[in-house]
Structure formats: structure tokens, C-alpha cells
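K.L.:
To be precise about what I am sending: the file is called protein-v4.txt and holds compact mmCIF, C-alpha atoms (C1' of nucleotides).
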```txt
# COMPACT_ATOMS: atom_id res chain seq x y z
CA MET A 1 1.55 -5.10 -23.13
CA ARG A 2 2.43 -5.76 -19.48
CA ILE A 3 0.80 -3.61 -16.79
CA ALA A 4 1.70 -4.02 -13.10
CA SER A 5 0.83 -2.46 -9.76
CA TRP A 6 2.91 -2.35 -6.58
CA ASN A 7 2.47 -0.71 -3.19
CA VAL A 8 6.15 -0.08 -2.41
CA ASN A 9 5.77 1.32 1.14
CA SER A 10 8.28 4.17 0.56
CA VAL A 11 9.76 4.42 -2.93
CA ARG A 12 13.07 5.62 -1.51
CA GLN A 13 13.41 2.61 0.81
CA ARG A 14 12.42 0.35 -2.11
CA LEU A 15 14.63 1.82 -4.83
CA ALA A 16 16.97 -1.18 -5.22
CA PRO A 17 14.23 -3.85 -5.47
CA LEU A 18 12.21 -1.47 -7.68
CA LEU A 19 15.04 -1.08 -10.18
CA ASP A 20 15.55 -4.86 -10.11
CA TYR A 21 11.86 -5.35 -10.84
CA LEU A 22 11.88 -2.93 -13.76
CA ARG A 23 14.79 -4.81 -15.27
CA GLU A 24 13.57 -8.36 -14.59
CA ALA A 25 9.79 -8.10 -15.07
CA ALA A 26 10.14 -5.26 -17.57
CA PRO A 27 6.54 -4.02 -17.29
CA ASP A 28 5.42 -1.57 -19.97
CA VAL A 29 3.50 0.28 -17.24
CA LEU A 30 4.05 0.10 -13.47
CA CYS A 31 1.64 1.78 -11.07
CA LEU A 32 3.14 2.59 -7.66
CA GLN A 33 1.43 3.39 -4.37
CA GLU A 34 2.62 4.63 -0.97
CA LEU A 35 5.55 6.63 -2.30
CA LYS A 36 5.80 8.40 1.10
CA CYS A 37 7.67 11.35 -0.39
CA GLU A 38 7.07 14.64 -2.13
CA ASP A 39 7.62 14.89 -5.89
CA ALA A 40 10.96 16.67 -5.39
CA ALA A 41 12.27 13.70 -3.39
CA PHE A 42 11.07 11.04 -5.87
CA PRO A 43 14.02 9.10 -7.37
CA ARG A 44 13.12 10.31 -10.86
CA VAL A 45 16.61 10.27 -12.36
CA GLU A 46 17.32 6.68 -11.32
CA ILE A 47 14.04 5.48 -12.81
CA GLU A 48 14.44 7.49 -16.01
CA ASP A 49 17.93 6.02 -16.37
CA ALA A 50 16.28 2.59 -16.20
CA GLY A 51 14.28 3.50 -19.31
CA TYR A 52 10.98 4.74 -17.85
CA ASN A 53 8.95 7.91 -18.05
CA VAL A 54 7.52 9.09 -14.72
CA ALA A 55 4.32 10.82 -13.58
CA THR A 56 3.88 11.33 -9.85
CA LEU A 57 1.47 12.71 -7.30
CA GLY A 58 3.58 12.80 -4.18
CA GLN A 59 2.95 13.80 -0.59
CA LYS A 60 5.21 14.22 2.40
CA THR A 61 5.37 11.20 4.73
CA PHE A 62 2.17 9.42 3.67
CA ASN A 63 0.36 8.17 0.55
CA GLY A 64 1.66 9.21 -2.88
CA VAL A 65 1.05 7.46 -6.23
CA ALA A 66 2.90 7.25 -9.53
CA ILE A 67 2.75 5.81 -13.04
CA LEU A 68 5.96 4.62 -14.72
CA ALA A 69 5.93 3.72 -18.42
CA LYS A 70 8.36 2.86 -21.17
CA ARG A 71 6.23 4.81 -23.65
CA PRO A 72 5.28 8.49 -23.23
CA ILE A 73 2.75 9.25 -20.48
CA GLU A 74 -0.03 11.55 -21.71
CA ASP A 75 -3.17 13.28 -20.44
CA VAL A 76 -2.21 12.98 -16.77
CA THR A 77 -4.97 13.53 -14.18
CA ARG A 78 -3.76 14.10 -10.62
CA GLY A 79 -6.32 13.50 -7.88
CA LEU A 80 -9.59 11.58 -8.12
CA PRO A 81 -12.15 13.59 -10.12
CA GLY A 82 -15.16 14.31 -7.94
CA PHE A 83 -13.01 14.04 -4.81
CA GLU A 84 -10.82 17.06 -5.45
CA ASN A 85 -10.81 18.41 -1.91
CA ASP A 86 -8.99 15.33 -0.64
CA PRO A 87 -5.64 16.50 0.80
CA GLN A 88 -4.26 12.95 0.49
CA ALA A 89 -2.39 11.89 -2.68
CA ARG A 90 -4.26 8.72 -3.65
CA TYR A 91 -5.04 8.82 -7.38
CA ILE A 92 -3.23 9.45 -10.66
CA GLU A 93 -4.51 8.54 -14.12
CA ALA A 94 -2.92 8.77 -17.56
CA VAL A 95 -2.91 7.42 -21.10
CA VAL A 96 -0.04 5.30 -22.40
CA ALA A 97 0.32 4.24 -26.02
CA HIS A 98 0.78 0.62 -27.00
CA GLU A 99 3.41 -0.02 -29.68
CA THR A 100 0.89 -1.08 -32.30
CA ARG A 101 -2.59 -1.41 -30.75
CA GLY A 102 -3.83 1.98 -29.68
CA VAL A 103 -3.72 3.21 -26.13
CA PHE A 104 -4.32 2.01 -22.58
CA ARG A 105 -5.77 4.32 -19.97
CA VAL A 106 -4.30 3.44 -16.56
CA ALA A 107 -5.01 4.65 -13.02
CA SER A 108 -2.77 4.11 -9.99
CA ILE A 109 -5.01 4.03 -6.92
CA TYR A 110 -4.26 3.97 -3.20
CA ALA A 111 -7.63 3.64 -1.49
CA PRO A 112 -7.84 4.50 2.22
CA ASN A 113 -7.35 1.79 4.82
CA GLY A 114 -10.36 2.87 6.87
CA ASN A 115 -9.35 1.47 10.26
CA PRO A 116 -10.45 1.77 12.98
CA PRO A 117 -13.97 1.47 11.55
CA ASP A 118 -15.64 3.33 14.44
CA THR A 119 -13.75 6.55 13.56
CA ASP A 120 -14.16 9.07 10.74
CA LYS A 121 -11.52 7.10 8.81
CA TYR A 122 -14.15 4.57 7.78
CA PRO A 123 -16.67 6.99 6.23
CA TYR A 124 -13.69 8.62 4.48
CA LYS A 125 -12.78 5.24 2.97
CA LEU A 126 -16.36 4.68 1.80
CA ALA A 127 -16.59 8.21 0.37
CA PHE A 128 -13.40 7.62 -1.62
CA MET A 129 -14.81 4.36 -2.96
CA GLU A 130 -18.07 6.04 -3.96
CA ALA A 131 -16.20 8.80 -5.80
CA LEU A 132 -14.13 6.10 -7.52
CA ILE A 133 -17.32 4.29 -8.57
CA ALA A 134 -18.75 7.50 -10.05
CA HIS A 135 -15.54 8.33 -11.91
CA ALA A 136 -15.09 4.76 -13.17
CA GLN A 137 -18.65 4.76 -14.50
CA GLY A 138 -17.80 7.85 -16.53
CA LEU A 139 -14.56 6.34 -17.84
CA LEU A 140 -16.38 3.29 -19.16
CA ARG A 141 -18.25 5.50 -21.61
CA PHE A 142 -14.95 6.08 -23.48
CA GLU A 143 -14.96 2.35 -24.35
CA GLU A 144 -11.17 2.25 -24.02
CA ALA A 145 -8.79 -0.41 -22.78
CA LEU A 146 -8.72 0.76 -19.15
CA VAL A 147 -6.92 -0.67 -16.12
CA LEU A 148 -7.80 0.62 -12.63
CA ALA A 149 -4.74 -0.65 -10.75
CA GLY A 150 -3.78 -0.33 -7.16
CA ASP A 151 -4.06 -1.02 -3.47
CA TYR A 152 -7.82 -1.00 -2.91
CA ASN A 153 -7.52 -1.98 0.76
CA VAL A 154 -10.41 -4.37 0.07
CA ILE A 155 -10.46 -8.12 0.69
CA PRO A 156 -13.05 -9.14 -1.92
CA GLY A 157 -13.99 -12.61 -0.68
CA LEU A 158 -13.55 -15.47 1.79
CA GLY A 159 -10.72 -16.98 -0.26
CA ASP A 160 -8.75 -13.77 -0.18
CA VAL A 161 -7.78 -13.79 3.53
CA TYR A 162 -6.04 -16.42 5.66
CA ASP A 163 -8.59 -16.19 8.50
CA PRO A 164 -11.92 -14.66 7.45
CA GLN A 165 -13.39 -14.79 10.96
CA ALA A 166 -10.48 -12.85 12.44
CA TRP A 167 -11.00 -10.10 9.85
CA ALA A 168 -14.80 -9.96 9.98
CA GLY A 169 -15.02 -6.52 11.59
CA ASP A 170 -12.01 -4.99 9.85
CA ALA A 171 -12.46 -2.03 7.50
CA LEU A 172 -10.85 -4.08 4.69
CA PHE A 173 -13.44 -6.85 4.98
CA ARG A 174 -16.64 -5.34 6.34
CA PRO A 175 -19.78 -5.94 4.27
CA GLU A 176 -20.12 -2.21 3.46
CA THR A 177 -16.56 -2.22 2.04
CA ARG A 178 -17.01 -5.38 -0.01
CA ALA A 179 -20.37 -4.16 -1.29
CA ARG A 180 -18.76 -1.06 -2.79
CA PHE A 181 -16.05 -3.14 -4.43
CA GLN A 182 -18.80 -5.33 -5.90
CA THR A 183 -20.62 -2.22 -7.13
CA LEU A 184 -17.46 -1.23 -8.96
CA LEU A 185 -17.26 -4.66 -10.60
CA HIS A 186 -20.94 -4.59 -11.50
CA LEU A 187 -20.37 -1.46 -13.56
CA GLY A 188 -18.66 -3.80 -16.00
CA PHE A 189 -15.13 -4.28 -14.69
CA THR A 190 -13.29 -7.59 -14.46
CA ASP A 191 -11.12 -8.48 -11.46
CA ALA A 192 -8.14 -9.63 -13.56
CA LEU A 193 -6.94 -12.32 -11.16
CA ARG A 194 -10.44 -13.84 -10.91
CA ALA A 195 -10.67 -13.94 -14.70
CA VAL A 196 -7.87 -16.52 -14.71
CA THR A 197 -8.36 -18.51 -11.48
CA ASP A 198 -10.81 -19.29 -8.67
CA ALA A 199 -8.04 -20.54 -6.38
CA PRO A 200 -8.10 -19.29 -2.78
CA GLY A 201 -4.99 -18.12 -0.95
CA LEU A 202 -3.52 -15.90 -3.67
CA TYR A 203 -2.29 -12.99 -1.60
CA THR A 204 -0.58 -9.68 -2.37
CA PHE A 205 0.10 -8.49 1.20
CA TRP A 206 1.68 -10.03 4.28
CA ASP A 207 2.08 -7.91 7.42
CA TYR A 208 5.62 -7.31 8.64
CA GLN A 209 4.52 -8.36 12.11
CA SER A 210 4.04 -11.72 13.74
CA GLY A 211 5.82 -13.78 11.09
CA ALA A 212 2.87 -13.29 8.73
CA TRP A 213 4.95 -14.10 5.64
CA GLN A 214 6.42 -17.27 7.14
CA LYS A 215 2.94 -18.43 8.19
CA ASN A 216 1.37 -17.30 4.90
CA HIS A 217 -1.04 -15.08 6.78
CA GLY A 218 -1.78 -12.93 3.74
CA LEU A 219 -4.47 -10.79 2.18
CA ARG A 220 -5.44 -10.14 -1.45
CA ILE A 221 -5.99 -6.39 -1.48
CA ASP A 222 -4.09 -5.21 -4.59
CA HIS A 223 -6.22 -5.49 -7.70
CA LEU A 224 -6.27 -4.87 -11.45
CA LEU A 225 -9.78 -3.95 -12.59
CA LEU A 226 -10.27 -4.16 -16.36
CA SER A 227 -12.74 -2.47 -18.67
CA PRO A 228 -14.38 -4.83 -21.19
CA GLN A 229 -11.96 -3.66 -23.87
CA ALA A 230 -8.99 -4.53 -21.61
CA ALA A 231 -10.53 -7.80 -20.39
CA ASP A 232 -11.00 -8.96 -23.98
CA ARG A 233 -7.24 -8.66 -24.48
CA LEU A 234 -6.15 -10.27 -21.19
CA LEU A 235 -3.60 -13.04 -21.67
CA SER A 236 -2.35 -13.83 -18.15
CA VAL A 237 -2.07 -12.56 -14.58
CA ALA A 238 0.72 -13.13 -12.05
CA ILE A 239 1.51 -12.14 -8.47
CA ASP A 240 5.25 -11.63 -7.97
CA LYS A 241 5.30 -12.99 -4.44
CA GLY A 242 8.99 -13.85 -4.59
CA LEU A 243 9.77 -10.22 -3.82
CA ARG A 244 8.30 -10.65 -0.33
CA ALA A 245 11.16 -13.03 0.51
CA GLY A 246 13.84 -10.84 -1.06
CA PRO A 247 16.01 -8.10 0.45
CA LYS A 248 14.24 -5.04 1.93
CA PRO A 249 10.76 -6.23 0.97
CA SER A 250 7.65 -4.10 0.89
CA ASP A 251 4.76 -5.66 2.79
CA HIS A 252 2.95 -5.77 -0.61
CA VAL A 253 4.11 -7.55 -3.78
CA PRO A 254 3.38 -6.58 -7.40
CA ILE A 255 0.45 -7.94 -9.38
CA ARG A 256 0.79 -7.84 -13.16
CA ALA A 257 -1.17 -8.70 -16.26
CA ASP A 258 -0.20 -9.26 -19.88
CA PHE A 259 -2.43 -8.07 -22.72
CA SER A 260 -2.43 -8.81 -26.44
C1' DA B 1 2.87 -16.75 24.04
C1' DT B 2 0.66 -11.57 26.82
C1' DG B 3 5.83 -12.04 22.30
C1' DA B 4 7.26 -10.75 17.31
C1' DC B 5 7.38 -4.85 12.07
C1' DC B 6 8.48 -0.94 9.17
C1' DT B 7 8.47 4.02 7.84
C1' DA B 8 8.98 9.12 8.34
C1' DA B 9 9.70 12.94 11.17
C1' DC B 10 10.81 19.84 13.63
C1' DT B 11 13.11 11.81 15.83
C1' DT B 12 15.12 9.43 21.05
C1' DT B 13 8.77 8.87 20.92
C1' DT B 14 4.65 9.02 17.96
C1' DA B 15 1.42 8.18 14.27
C1' DG B 16 0.07 5.46 10.53
C1' DG B 17 -0.20 1.40 8.30
C1' DA B 18 -3.47 -3.22 7.53
```
Once more with this new file: its structure as C-alpha cells, please.
P.N.:
Amino acid sequence: MRIASWNVNSVRQRLAPLLDYLREAAPDVLCLQELKCEDAAFPRVEIEDAGYNVATLGQKTFNGVAILAKRPIEDVTRGLPGFENDPQARYIEAVVAHETRGVFRVASIYAPNGNPPDTDKYPYKLAFMEALIAHAQGLLRFEEALVLAGDYNVIPGLGDVYDPQAWAGDALFRPETRARFQTLLHLGFTDALRAVTDAPGLYTFWDYQSGAWQKNHGLRIDHLLLSPQAADRLLSVAIDKGLRAGPKPSDHVPIRADFS
DNA sequence: ATGACCTAACTTTTAGGA
């Protein structure tokens, strides 16, 4: 069972590399963020023709999340429970069956950026994270294989950013932000990448500006958080950074995990 | 180096991203 997450920065601009990725990496489930289109404009037919079912929560211009899966997508929840008044499309959750080993519950999450931190964008980011913590705590009671996948807009630690000092005051790296990410982990989730390696410099995002990719000025902000039942079945984790050097790249690359 | 990008939109500038 292969589950991946990718902030595509406009699904319509990314359609060709997305179809390539579905064919080459062949994830069973792919969570997408930053669709930047309404549901009616989502390239549903092209993705269904590639062999995937589709569940979306779109929005004009900004945000937007989706779950793609080879198997049927069931019990879809659109919007983060407990944060229902949010006008921004940042959360979709569903259940996908494994061929032989029960089901996985999967969420595709696009947490707010939160910059600049001296504006109301930062308390909005923290409020989203607190609602996510509350909802995740409830989900753990199901004792299911659960993957909370997405762009958290959180740099968890010093090894997850090319220049920690330069990012000290940023909304992605402030202590209040990292503390809430840690609270989420302390509920009982496993940061999938950190379950397989302690290596620094494993990034999922490189800004389009300033030659960030060429200089490897990256951030690790896309994460797969695993319930105990998912963590017990984790086989491997990979970051598909090659896509950042390919044609029409997103500024994020996919992160994926394989499960038994 | 004070530089450098990309996307969507009631587009020819602006807002948002991170």
C-alpha cells in the first residue's frame, strides 16, 4: 500500500507531471494540495482515465485539496471537523480499502502559511492547527491505520531548514508553530520520515525564487503523520525530489510511504 | 548583489504564496 502527498501549486498547471507521477510512482492513494481551482475545473476525466477515483474540495484561485485512489473512496469528509466556518478549502478525509488488509483512513491537509506573523494570518494558522489536534485526537480512538498527509507549513526541527537562523521569526518555524506540531505528534502520531532516518537536509520544498533549488535552500514542510496502526505497518519512506528538476515543477515535491 | 519566481484573475497590476 503506497500513500503519497503532493502540493501541486495548481493542479491544472501540473497536469502533465501529475499524470507522469501516477504512472511512474503508481501510488495507491495520492493526496493533493493547492489545487487552485473549483471542483468543476478539476481535471477529473484525465485522472479517472489514468485509473484513479477522485474526491475533491476545490476553491477558486486559492487552496483546494483532493484525494486520488485506485480503490473506491468512501466516507468522504469535506472541511476540518470543528473548523467548519473556515471559508478556505484546506481539509478532506476519506476511507480507502486495501486489497487484502482492511482499510486506511487518509486526510489531505493544507495548513495555513501564517505569514506575516504580526497579522491575523498567524492566529488563523494556530487556530487551524488546534482544530486539527482536536480532530486527530478523536480519530485515534478508532484505532485504524490512519495517515494525516499534507502540507503542514511547519518546519519541525533545525535539520529541516537550510538556514535555521534566517527562518527563526517565520510563521513556519516559530516556537508556537513547532509546539503545536509537537502536540500533534505527542497524541501518538509518528512523523513517517523521522521513523526511517535522522538525516538533516531532507527537504520537500524549494522556493521558485533566488535559485533556491540550485543552492538546495529547501524546507521540510510536507509530512505524513501515522497512527500507531499505520506506523506498525510502515515499510519505507521516500521524497521524490527529482520532480523539482523536471519540466514545469511545483515548488513542492511528493513524499510517499509504503505499508505492508 | 540592492538582483533573481510562479499562479490566478472582472489581468496589463495585484495578492498570495513560503
K.L.:
Could you please select, counting only C-alpha atoms (C1' of nucleotides), the residues of chain A within 9 Å of chain B and state them as a ChimeraX atom specification?
P.N.:
/A:9-10,13,36,60-62,113,115,153,172,205,207-211,250-251
K.L.:
Given the selection you just returned, output its residues as a file containing C-alpha atoms, formatted as a CSV table (one decimal), in the coordinates of the input.
P.N.:
```csv
chain,number,residue,atom,x,y,z
A,9,ASN,CA,5.8,1.3,1.1
A,10,SER,CA,8.3,4.2,0.6
A,13,GLN,CA,13.4,2.6,0.8
A,36,LYS,CA,5.8,8.4,1.1
A,60,LYS,CA,5.2,14.2,2.4
A,61,THR,CA,5.4,11.2,4.7
A,62,PHE,CA,2.2,9.4,3.7
A,113,ASN,CA,-7.4,1.8,4.8
A,115,ASN,CA,-9.4,1.5,10.3
A,153,ASN,CA,-7.5,-2.0,0.8
A,172,LEU,CA,-10.8,-4.1,4.7
A,205,PHE,CA,0.1,-8.5,1.2
A,207,ASP,CA,2.1,-7.9,7.4
A,208,TYR,CA,5.6,-7.3,8.6
A,209,GLN,CA,4.5,-8.4,12.1
A,210,SER,CA,4.0,-11.7,13.7
A,211,GLY,CA,5.8,-13.8,11.1
A,250,SER,CA,7.6,-4.1,0.9
A,251,ASP,CA,4.8,-5.7,2.8
```
K.L.:
Skipping near chain neighbours, those fewer than 5 positions away, what residues fall within 8 Å of Lys125 in chain A using all atoms listed in the file, listed as a PyMOL selection string?
P.N.:
chain A and resi 111-114
K.L.:
Just the number, please: distance in Å from CA of Arg178 in chain A to CA of Ile155 in chain A, one decimal.
P.N.:
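Taking CA of Arg178 in chain A and CA of Ile155 in chain A, their separation equals 7.1 Å.
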K.L.:
Please put the answer as lines of an AutoDock Vina configuration file: centre and edge lengths, in Å with one decimal, of a box along x, y and z that encloses all listed atoms of range 3-17 of chain B plus 5 Å on each side.
P.N.:
```
center_x = 7.5
center_y = 3.9
center_z = 15.1
size_x = 25.3
size_y = 41.9
size_z = 24.5
```
K.L.:
Could you state the separation of CA of Leu243 in chain A and CA of Val96 in chain A in Å, given to one decimal place?
P.N.:
26.1 Å
K.L.:
Please list as number ranges by chain every residue within 8 Å of Leu193 in chain A, counting all atoms listed in the file and excluding residues in the same chain fewer than 4 positions away.
P.N.:
A: 197, 223-224, 237-238
K.L.:
Which is closest to Lys241 in chain A among A:Val253, A:Ala94, A:Leu146, A:Ala107, if we use all atoms listed in the file?
P.N.:
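Among the listed residues, the smallest separation from Lys241 in chain A belongs to A:Val253.
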K.L.:
Expressed in Å to a single decimal, how great is the separation between CA of Val76 in chain A and CA of Leu35 in chain A?
P.N.:
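Computing it gives 17.6 Å between the two atoms.
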K.L.:
Of the candidates A:Arg44, A:His135, A:Arg105, A:His252, which shows the shortest atom-to-atom distance to Pro81 in chain A, using all atoms listed in the file?
P.N.:
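When distances to Pro81 in chain A are compared using all atoms listed in the file, the smallest one comes from A:His135.
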K.L.:
Looking at only C-alpha atoms, which of A:Gly82, A:Pro43, A:Gly102, A:Pro164 is the one that sits closest to Arg14 in chain A?
P.N.:
A:Pro43
K.L.:
With all atoms listed in the file as the counted atoms, please give the residues lying no more than 9 Å from Leu19 in chain A, apart from itself and same-chain residues fewer than 4 positions off, as number ranges by chain.
P.N.:
A: 14-15, 23-24, 46-47, 50
K.L.:
Can you tell me, as a PyMOL selection string, which residues sit within 6 Å of (-6.2, 1.8, -27.3) in the file's frame, using all atoms listed in the file?
P.N.:
chain A and resi 101-104+144-145
K.L.:
Considering all atoms listed in the file, can you say which of A:Pro116, A:Pro175, A:Pro228, A:Gly218 comes closest to Leu187 in chain A?
P.N.:
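Of A:Pro116, A:Pro175, A:Pro228, A:Gly218, the one nearest Leu187 in chain A is A:Pro228, counting all atoms listed in the file.
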K.L.:
From the list A:Gly188, A:Gly169, A:Pro123, A:Pro72, which residue is nearest Arg141 in chain A when using all atoms listed in the file?
P.N.:
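Smallest separation from Arg141 in chain A among the options: A:Gly188.
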K.L.:
Using all atoms listed in the file, which residues sit within 9 Å of Val29 in chain A once same-chain residues fewer than 4 positions away are excluded, as a list in words?
P.N.:
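The residues satisfying every condition are Met1, Arg2, Ile3, Ala4, Ser5, Tyr52, Ile67, Leu68, Ala69, Lys70, Arg71, Val96 and Val106 of chain A.
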K.L.:
Kindly complete range 140-174 of chain A to N, CA and C atoms; the output should be written as an mmCIF file, keeping the file's coordinate frame.
P.N.:
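Below is the file that was written, out.cif:
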```
data_model
loop_
_atom_site.group_PDB
_atom_site.id
_atom_site.type_symbol
_atom_site.label_atom_id
_atom_site.label_comp_id
_atom_site.auth_asym_id
_atom_site.auth_seq_id
_atom_site.Cartn_x
_atom_site.Cartn_y
_atom_site.Cartn_z
ATOM 1 N N LEU A 140 -15.936 4.398 -18.314
ATOM 2 C CA LEU A 140 -16.380 3.290 -19.160
ATOM 3 C C LEU A 140 -17.025 3.784 -20.451
ATOM 4 N N ARG A 141 -17.585 4.982 -20.403
ATOM 5 C CA ARG A 141 -18.250 5.500 -21.610
ATOM 6 C C ARG A 141 -17.262 5.758 -22.747
ATOM 7 N N PHE A 142 -15.962 5.894 -22.421
ATOM 8 C CA PHE A 142 -14.950 6.080 -23.480
ATOM 9 C C PHE A 142 -14.724 4.794 -24.279
ATOM 10 N N GLU A 143 -15.136 3.651 -23.700
ATOM 11 C CA GLU A 143 -14.960 2.350 -24.350
ATOM 12 C C GLU A 143 -13.504 2.105 -24.738
ATOM 13 N N GLU A 144 -12.610 2.441 -23.808
ATOM 14 C CA GLU A 144 -11.170 2.250 -24.020
ATOM 15 C C GLU A 144 -10.709 0.996 -23.271
ATOM 16 N N ALA A 145 -9.504 0.545 -23.631
ATOM 17 C CA ALA A 145 -8.790 -0.410 -22.780
ATOM 18 C C ALA A 145 -8.329 0.359 -21.540
ATOM 19 N N LEU A 146 -8.913 0.009 -20.391
ATOM 20 C CA LEU A 146 -8.720 0.760 -19.150
ATOM 21 C C LEU A 146 -8.358 -0.206 -18.029
ATOM 22 N N VAL A 147 -7.320 0.139 -17.264
ATOM 23 C CA VAL A 147 -6.920 -0.670 -16.120
ATOM 24 C C VAL A 147 -6.898 0.231 -14.881
ATOM 25 N N LEU A 148 -7.783 -0.084 -13.926
ATOM 26 C CA LEU A 148 -7.800 0.620 -12.630
ATOM 27 C C LEU A 148 -6.980 -0.246 -11.679
ATOM 28 N N ALA A 149 -5.720 0.167 -11.468
ATOM 29 C CA ALA A 149 -4.740 -0.650 -10.750
ATOM 30 C C ALA A 149 -4.431 -0.039 -9.401
ATOM 31 N N GLY A 150 -4.249 -0.905 -8.408
ATOM 32 C CA GLY A 150 -3.780 -0.330 -7.160
ATOM 33 C C GLY A 150 -4.087 -1.140 -5.919
ATOM 34 N N ASP A 151 -3.784 -0.483 -4.797
ATOM 35 C CA ASP A 151 -4.060 -1.020 -3.470
ATOM 36 C C ASP A 151 -5.438 -0.515 -3.073
ATOM 37 N N TYR A 152 -6.447 -1.384 -3.220
ATOM 38 C CA TYR A 152 -7.820 -1.000 -2.910
ATOM 39 C C TYR A 152 -8.122 -1.084 -1.419
ATOM 40 N N ASN A 153 -7.250 -1.730 -0.653
ATOM 41 C CA ASN A 153 -7.520 -1.980 0.760
ATOM 42 C C ASN A 153 -8.892 -2.637 0.933
ATOM 43 N N VAL A 154 -9.179 -3.582 0.015
ATOM 44 C CA VAL A 154 -10.410 -4.370 0.070
ATOM 45 C C VAL A 154 -10.045 -5.840 -0.120
ATOM 46 N N ILE A 155 -10.522 -6.668 0.817
ATOM 47 C CA ILE A 155 -10.460 -8.120 0.690
ATOM 48 C C ILE A 155 -11.769 -8.544 0.039
ATOM 49 N N PRO A 156 -11.764 -8.951 -1.237
ATOM 50 C CA PRO A 156 -13.050 -9.140 -1.920
ATOM 51 C C PRO A 156 -13.870 -10.310 -1.391
ATOM 52 N N GLY A 157 -13.215 -11.417 -1.019
ATOM 53 C CA GLY A 157 -13.990 -12.610 -0.680
ATOM 54 C C GLY A 157 -13.317 -13.487 0.358
ATOM 55 N N LEU A 158 -14.020 -14.560 0.725
ATOM 56 C CA LEU A 158 -13.550 -15.470 1.790
ATOM 57 C C LEU A 158 -12.225 -16.115 1.432
ATOM 58 N N GLY A 159 -11.966 -16.336 0.158
ATOM 59 C CA GLY A 159 -10.720 -16.980 -0.260
ATOM 60 C C GLY A 159 -9.542 -16.039 -0.359
ATOM 61 N N ASP A 160 -9.774 -14.783 0.000
ATOM 62 C CA ASP A 160 -8.750 -13.770 -0.180
ATOM 63 C C ASP A 160 -8.108 -13.327 1.145
ATOM 64 N N VAL A 161 -8.321 -14.111 2.206
ATOM 65 C CA VAL A 161 -7.780 -13.790 3.530
ATOM 66 C C VAL A 161 -7.547 -15.110 4.278
ATOM 67 N N TYR A 162 -6.432 -15.151 5.033
ATOM 68 C CA TYR A 162 -6.040 -16.420 5.660
ATOM 69 C C TYR A 162 -6.999 -16.839 6.750
ATOM 70 N N ASP A 163 -7.678 -15.872 7.402
ATOM 71 C CA ASP A 163 -8.590 -16.190 8.500
ATOM 72 C C ASP A 163 -9.786 -15.246 8.430
ATOM 73 N N PRO A 164 -10.798 -15.592 7.640
ATOM 74 C CA PRO A 164 -11.920 -14.660 7.450
ATOM 75 C C PRO A 164 -12.587 -14.238 8.748
ATOM 76 N N GLN A 165 -12.724 -15.147 9.703
ATOM 77 C CA GLN A 165 -13.390 -14.790 10.960
ATOM 78 C C GLN A 165 -12.632 -13.714 11.715
ATOM 79 N N ALA A 166 -11.288 -13.821 11.704
ATOM 80 C CA ALA A 166 -10.480 -12.850 12.440
ATOM 81 C C ALA A 166 -10.582 -11.459 11.824
ATOM 82 N N TRP A 167 -10.955 -11.378 10.559
ATOM 83 C CA TRP A 167 -11.000 -10.100 9.850
ATOM 84 C C TRP A 167 -12.418 -9.594 9.641
ATOM 85 N N ALA A 168 -13.393 -10.253 10.256
ATOM 86 C CA ALA A 168 -14.800 -9.960 9.980
ATOM 87 C C ALA A 168 -15.154 -8.496 10.211
ATOM 88 N N GLY A 169 -14.637 -7.892 11.276
ATOM 89 C CA GLY A 169 -15.020 -6.520 11.590
ATOM 90 C C GLY A 169 -14.061 -5.476 11.049
ATOM 91 N N ASP A 170 -13.039 -5.918 10.322
ATOM 92 C CA ASP A 170 -12.010 -4.990 9.850
ATOM 93 C C ASP A 170 -12.530 -4.163 8.665
ATOM 94 N N ALA A 171 -12.015 -2.929 8.582
ATOM 95 C CA ALA A 171 -12.460 -2.030 7.500
ATOM 96 C C ALA A 171 -12.178 -2.615 6.115
ATOM 97 N N LEU A 172 -11.185 -3.501 5.995
ATOM 98 C CA LEU A 172 -10.850 -4.080 4.690
ATOM 99 C C LEU A 172 -11.840 -5.157 4.263
ATOM 100 N N PHE A 173 -12.635 -5.656 5.241
ATOM 101 C CA PHE A 173 -13.440 -6.850 4.980
ATOM 102 C C PHE A 173 -14.899 -6.686 5.368
ATOM 103 N N ARG A 174 -15.250 -5.523 5.921
ATOM 104 C CA ARG A 174 -16.640 -5.340 6.340
ATOM 105 C C ARG A 174 -17.583 -5.408 5.143
#
```
